[in-house]
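Chemist: Quick one: the structure is below, questions incoming.
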Amino acid sequence: MINVITAPEIEMLIIHAENKYEEYKKTKIKPSDYCKINLRISNVKSYEFIREYFSDIQVLIGAIQKYKKRASIPKGEYSLYDLLKD
């Protein structure tokens, strides 16, 4: 059995896709609140919005790659990045 950590929250992937991680890091708010307040995405948790936002798979892959570069993933654990094929 292989455990795959499915963090981050989808909102964190949006923050990375928007290249706003450094700005987000300066705040003390949840990723969903940051998206609502700073990115003005009121329906950030909506299935329809997420589906449309990541309709270009390259946007999703890019966000996952950016997250992987900054995340502290414990040794022996896998993330969404590890599910991507080369």
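By order in the structure tokens, chains are A, B, ...; within a chain, residues start at 1; ligands start at 1, following the order shown.
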Which residues in chain A does DSSP call helix (DSSP H, G or I)? List them as an MDAnalysis selection string.

Modeler: chainID A and resid 10:17 21:25 31:37 47:53 57:70 80:83

Chemist: Write a file of the selected residues as a short mmCIF file (atom, residue, chain, number, x, y, z; two decimals), in the first residue's frame, keeping N, CA and C atoms.

Modeler:
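Now in again-v8.cif:
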data_model
loop_
_atom_site.label_atom_id
_atom_site.label_comp_id
_atom_site.auth_asym_id
_atom_site.auth_seq_id
_atom_site.Cartn_x
_atom_site.Cartn_y
_atom_site.Cartn_z
N ILE A 10 -7.62 22.65 -2.50
CA ILE A 10 -7.73 23.12 -3.88
C ILE A 10 -7.47 24.62 -3.97
N GLU A 11 -7.86 25.36 -2.93
CA GLU A 11 -7.63 26.80 -2.93
C GLU A 11 -6.13 27.13 -2.94
N MET A 12 -5.33 26.30 -2.31
CA MET A 12 -3.89 26.53 -2.32
C MET A 12 -3.33 26.33 -3.73
N LEU A 13 -3.88 25.41 -4.46
CA LEU A 13 -3.45 25.23 -5.85
C LEU A 13 -3.82 26.45 -6.69
N ILE A 14 -4.97 27.05 -6.40
CA ILE A 14 -5.36 28.28 -7.11
C ILE A 14 -4.38 29.40 -6.78
N ILE A 15 -4.00 29.52 -5.52
CA ILE A 15 -3.04 30.55 -5.11
C ILE A 15 -1.73 30.36 -5.87
N HIS A 16 -1.27 29.13 -5.99
CA HIS A 16 -0.05 28.87 -6.74
C HIS A 16 -0.25 29.15 -8.23
N ALA A 17 -1.39 28.76 -8.77
CA ALA A 17 -1.65 29.01 -10.19
C ALA A 17 -1.67 30.51 -10.50
N TYR A 21 1.52 33.02 -4.08
CA TYR A 21 1.92 32.34 -2.85
C TYR A 21 2.70 33.25 -1.91
N GLU A 22 3.63 34.01 -2.41
CA GLU A 22 4.43 34.89 -1.55
C GLU A 22 3.55 35.91 -0.84
N GLU A 23 2.57 36.44 -1.54
CA GLU A 23 1.63 37.38 -0.91
C GLU A 23 0.76 36.67 0.12
N TYR A 24 0.29 35.49 -0.25
CA TYR A 24 -0.55 34.71 0.66
C TYR A 24 0.20 34.40 1.96
N LYS A 25 1.46 34.04 1.83
CA LYS A 25 2.27 33.65 2.98
C LYS A 25 2.36 34.76 4.02
N PRO A 31 -6.57 29.58 3.12
CA PRO A 31 -6.49 29.72 1.68
C PRO A 31 -7.83 30.08 1.02
N SER A 32 -8.92 29.52 1.51
CA SER A 32 -10.23 29.83 0.91
C SER A 32 -10.59 31.30 1.14
N ASP A 33 -10.29 31.82 2.32
CA ASP A 33 -10.56 33.23 2.60
C ASP A 33 -9.67 34.13 1.75
N TYR A 34 -8.42 33.74 1.57
CA TYR A 34 -7.51 34.52 0.72
C TYR A 34 -8.06 34.61 -0.70
N CYS A 35 -8.53 33.48 -1.21
CA CYS A 35 -9.09 33.47 -2.57
C CYS A 35 -10.33 34.36 -2.66
N LYS A 36 -11.17 34.30 -1.65
CA LYS A 36 -12.39 35.11 -1.65
C LYS A 36 -12.08 36.60 -1.53
N ILE A 37 -11.18 36.95 -0.62
CA ILE A 37 -10.90 38.35 -0.34
C ILE A 37 -9.91 38.96 -1.32
N TYR A 47 -17.87 23.35 -7.27
CA TYR A 47 -17.41 22.34 -8.22
C TYR A 47 -17.31 22.93 -9.63
N GLU A 48 -18.32 23.69 -10.01
CA GLU A 48 -18.35 24.27 -11.35
C GLU A 48 -17.18 25.23 -11.56
N PHE A 49 -16.89 26.06 -10.54
CA PHE A 49 -15.78 26.99 -10.67
C PHE A 49 -14.46 26.25 -10.81
N ILE A 50 -14.22 25.26 -9.94
CA ILE A 50 -12.97 24.50 -9.96
C ILE A 50 -12.80 23.79 -11.29
N ARG A 51 -13.86 23.21 -11.77
CA ARG A 51 -13.81 22.50 -13.07
C ARG A 51 -13.44 23.47 -14.19
N GLU A 52 -14.04 24.64 -14.19
CA GLU A 52 -13.75 25.64 -15.21
C GLU A 52 -12.34 26.21 -15.04
N TYR A 53 -11.97 26.51 -13.80
CA TYR A 53 -10.67 27.12 -13.54
C TYR A 53 -9.54 26.22 -14.01
N ILE A 57 -5.60 21.62 -18.38
CA ILE A 57 -4.86 20.73 -17.48
C ILE A 57 -3.47 21.25 -17.17
N GLN A 58 -2.89 22.03 -18.06
CA GLN A 58 -1.56 22.57 -17.82
C GLN A 58 -1.55 23.56 -16.65
N VAL A 59 -2.66 24.23 -16.43
CA VAL A 59 -2.78 25.14 -15.28
C VAL A 59 -2.73 24.32 -13.99
N LEU A 60 -3.45 23.22 -13.96
CA LEU A 60 -3.45 22.34 -12.78
C LEU A 60 -2.07 21.73 -12.55
N ILE A 61 -1.47 21.21 -13.61
CA ILE A 61 -0.15 20.60 -13.48
C ILE A 61 0.87 21.62 -13.00
N GLY A 62 0.83 22.82 -13.55
CA GLY A 62 1.74 23.87 -13.11
C GLY A 62 1.57 24.21 -11.65
N ALA A 63 0.33 24.29 -11.18
CA ALA A 63 0.06 24.58 -9.77
C ALA A 63 0.57 23.47 -8.87
N ILE A 64 0.38 22.23 -9.28
CA ILE A 64 0.87 21.09 -8.50
C ILE A 64 2.40 21.12 -8.43
N GLN A 65 3.05 21.44 -9.53
CA GLN A 65 4.51 21.52 -9.56
C GLN A 65 5.02 22.64 -8.66
N LYS A 66 4.37 23.79 -8.70
CA LYS A 66 4.77 24.91 -7.84
C LYS A 66 4.59 24.56 -6.38
N TYR A 67 3.48 23.90 -6.05
CA TYR A 67 3.23 23.48 -4.67
C TYR A 67 4.32 22.53 -4.19
N LYS A 68 4.68 21.58 -5.03
CA LYS A 68 5.70 20.58 -4.68
C LYS A 68 7.03 21.25 -4.32
N LYS A 69 7.39 22.30 -5.04
CA LYS A 69 8.66 22.99 -4.79
C LYS A 69 8.70 23.65 -3.42
N ARG A 70 7.54 24.03 -2.90
CA ARG A 70 7.49 24.77 -1.63
C ARG A 70 7.03 23.92 -0.45
N LEU A 80 0.34 14.81 -4.68
CA LEU A 80 -0.28 14.85 -6.01
C LEU A 80 0.78 14.87 -7.11
N TYR A 81 1.88 15.53 -6.85
CA TYR A 81 2.97 15.63 -7.83
C TYR A 81 3.45 14.24 -8.24
N ASP A 82 3.52 13.35 -7.28
CA ASP A 82 4.03 12.01 -7.56
C ASP A 82 3.07 11.18 -8.41
N LEU A 83 1.85 11.63 -8.56
CA LEU A 83 0.88 10.93 -9.39
C LEU A 83 0.99 11.34 -10.86
#

Chemist: So that I can see what lies close to Thr6 (chain A), please list as a CSV table (one decimal) with all heavy atoms, in the first residue's frame the residues with an atom at most 9 Å from it, counting only C-alpha atoms and leaving out residues fewer than 3 positions away in the same chain.

Modeler:
chain,number,residue,atom,x,y,z
A,9,GLU,N,-5.1,22.0,-0.1
A,9,GLU,CA,-6.5,22.3,-0.4
A,9,GLU,C,-6.5,22.8,-1.8
A,9,GLU,O,-5.6,23.4,-2.3
A,9,GLU,CB,-7.0,23.4,0.5
A,9,GLU,CG,-7.0,23.0,2.0
A,9,GLU,CD,-7.4,24.2,2.9
A,9,GLU,OE1,-8.4,24.8,2.7
A,9,GLU,OE2,-6.6,24.5,3.7
A,78,TYR,N,4.0,10.5,-0.4
A,78,TYR,CA,3.8,11.0,-1.7
A,78,TYR,C,2.7,12.1,-1.8
A,78,TYR,O,1.9,12.1,-1.0
A,78,TYR,CB,3.4,9.8,-2.7
A,78,TYR,CG,4.5,8.8,-2.7
A,78,TYR,CD1,4.4,7.7,-1.8
A,78,TYR,CD2,5.6,8.8,-3.6
A,78,TYR,CE1,5.4,6.7,-1.9
A,78,TYR,CE2,6.6,7.9,-3.6
A,78,TYR,CZ,6.5,6.8,-2.7
A,78,TYR,OH,7.4,5.9,-2.7
A,79,SER,N,2.8,12.9,-2.8
A,79,SER,CA,1.8,14.0,-3.0
A,79,SER,C,1.2,13.9,-4.4
A,79,SER,O,1.5,13.0,-5.2
A,79,SER,CB,2.5,15.3,-2.8
A,79,SER,OG,3.4,15.6,-3.9
A,80,LEU,N,0.3,14.8,-4.7
A,80,LEU,CA,-0.3,14.9,-6.0
A,80,LEU,C,0.8,14.9,-7.1
A,80,LEU,O,0.6,14.3,-8.2
A,80,LEU,CB,-1.2,16.1,-6.1
A,80,LEU,CG,-2.4,16.1,-5.3
A,80,LEU,CD1,-3.1,17.5,-5.4
A,80,LEU,CD2,-3.4,15.0,-5.6

Chemist: What does the distance from CA of Lys30 (chain A) to CA of Ser55 (chain A) come to in Å, to one decimal?

Modeler: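 Taking CA of Lys30 (chain A) as the start and CA of Ser55 (chain A) as the end point, the length is 24.2 Å.
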
Chemist: Which residues, written as a count of residues only, have at least one atom at most 12 Å from Met1 (chain A), with only C-alpha atoms counted and residues fewer than 3 positions away on the same chain left out?

Modeler: 4

Chemist: Could you check which of A:Ile73, A:Ala7, A:Leu84, A:Leu39 is closest to Asn19 (chain A), using only C-alpha atoms?

Modeler: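 Under the stated criterion, the closest residue is A:Leu39.
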
Chemist: What gap, in Å, lies between CA of Lys26 (chain A) and CA of Ile41 (chain A)?

Modeler: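 About the pair CA of Lys26 (chain A) and CA of Ile41 (chain A): they are 19.1 Å apart.
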
Chemist: Between CA of Asn38 (chain A) and CA of Lys20 (chain A), what is the spacing in Å?

Modeler: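 One can read the CA of Lys20 (chain A) to CA of Asn38 (chain A) distance as 9.5 Å.
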
Chemist: Restricting the calculation to only C-alpha atoms, which member of A:Pro8, A:Asn3, A:Lys28, A:Phe54 is positioned closest to Ser72 (chain A)?

Modeler: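 Among A:Pro8, A:Asn3, A:Lys28, A:Phe54, it is A:Pro8 that comes nearest to Ser72 (chain A).
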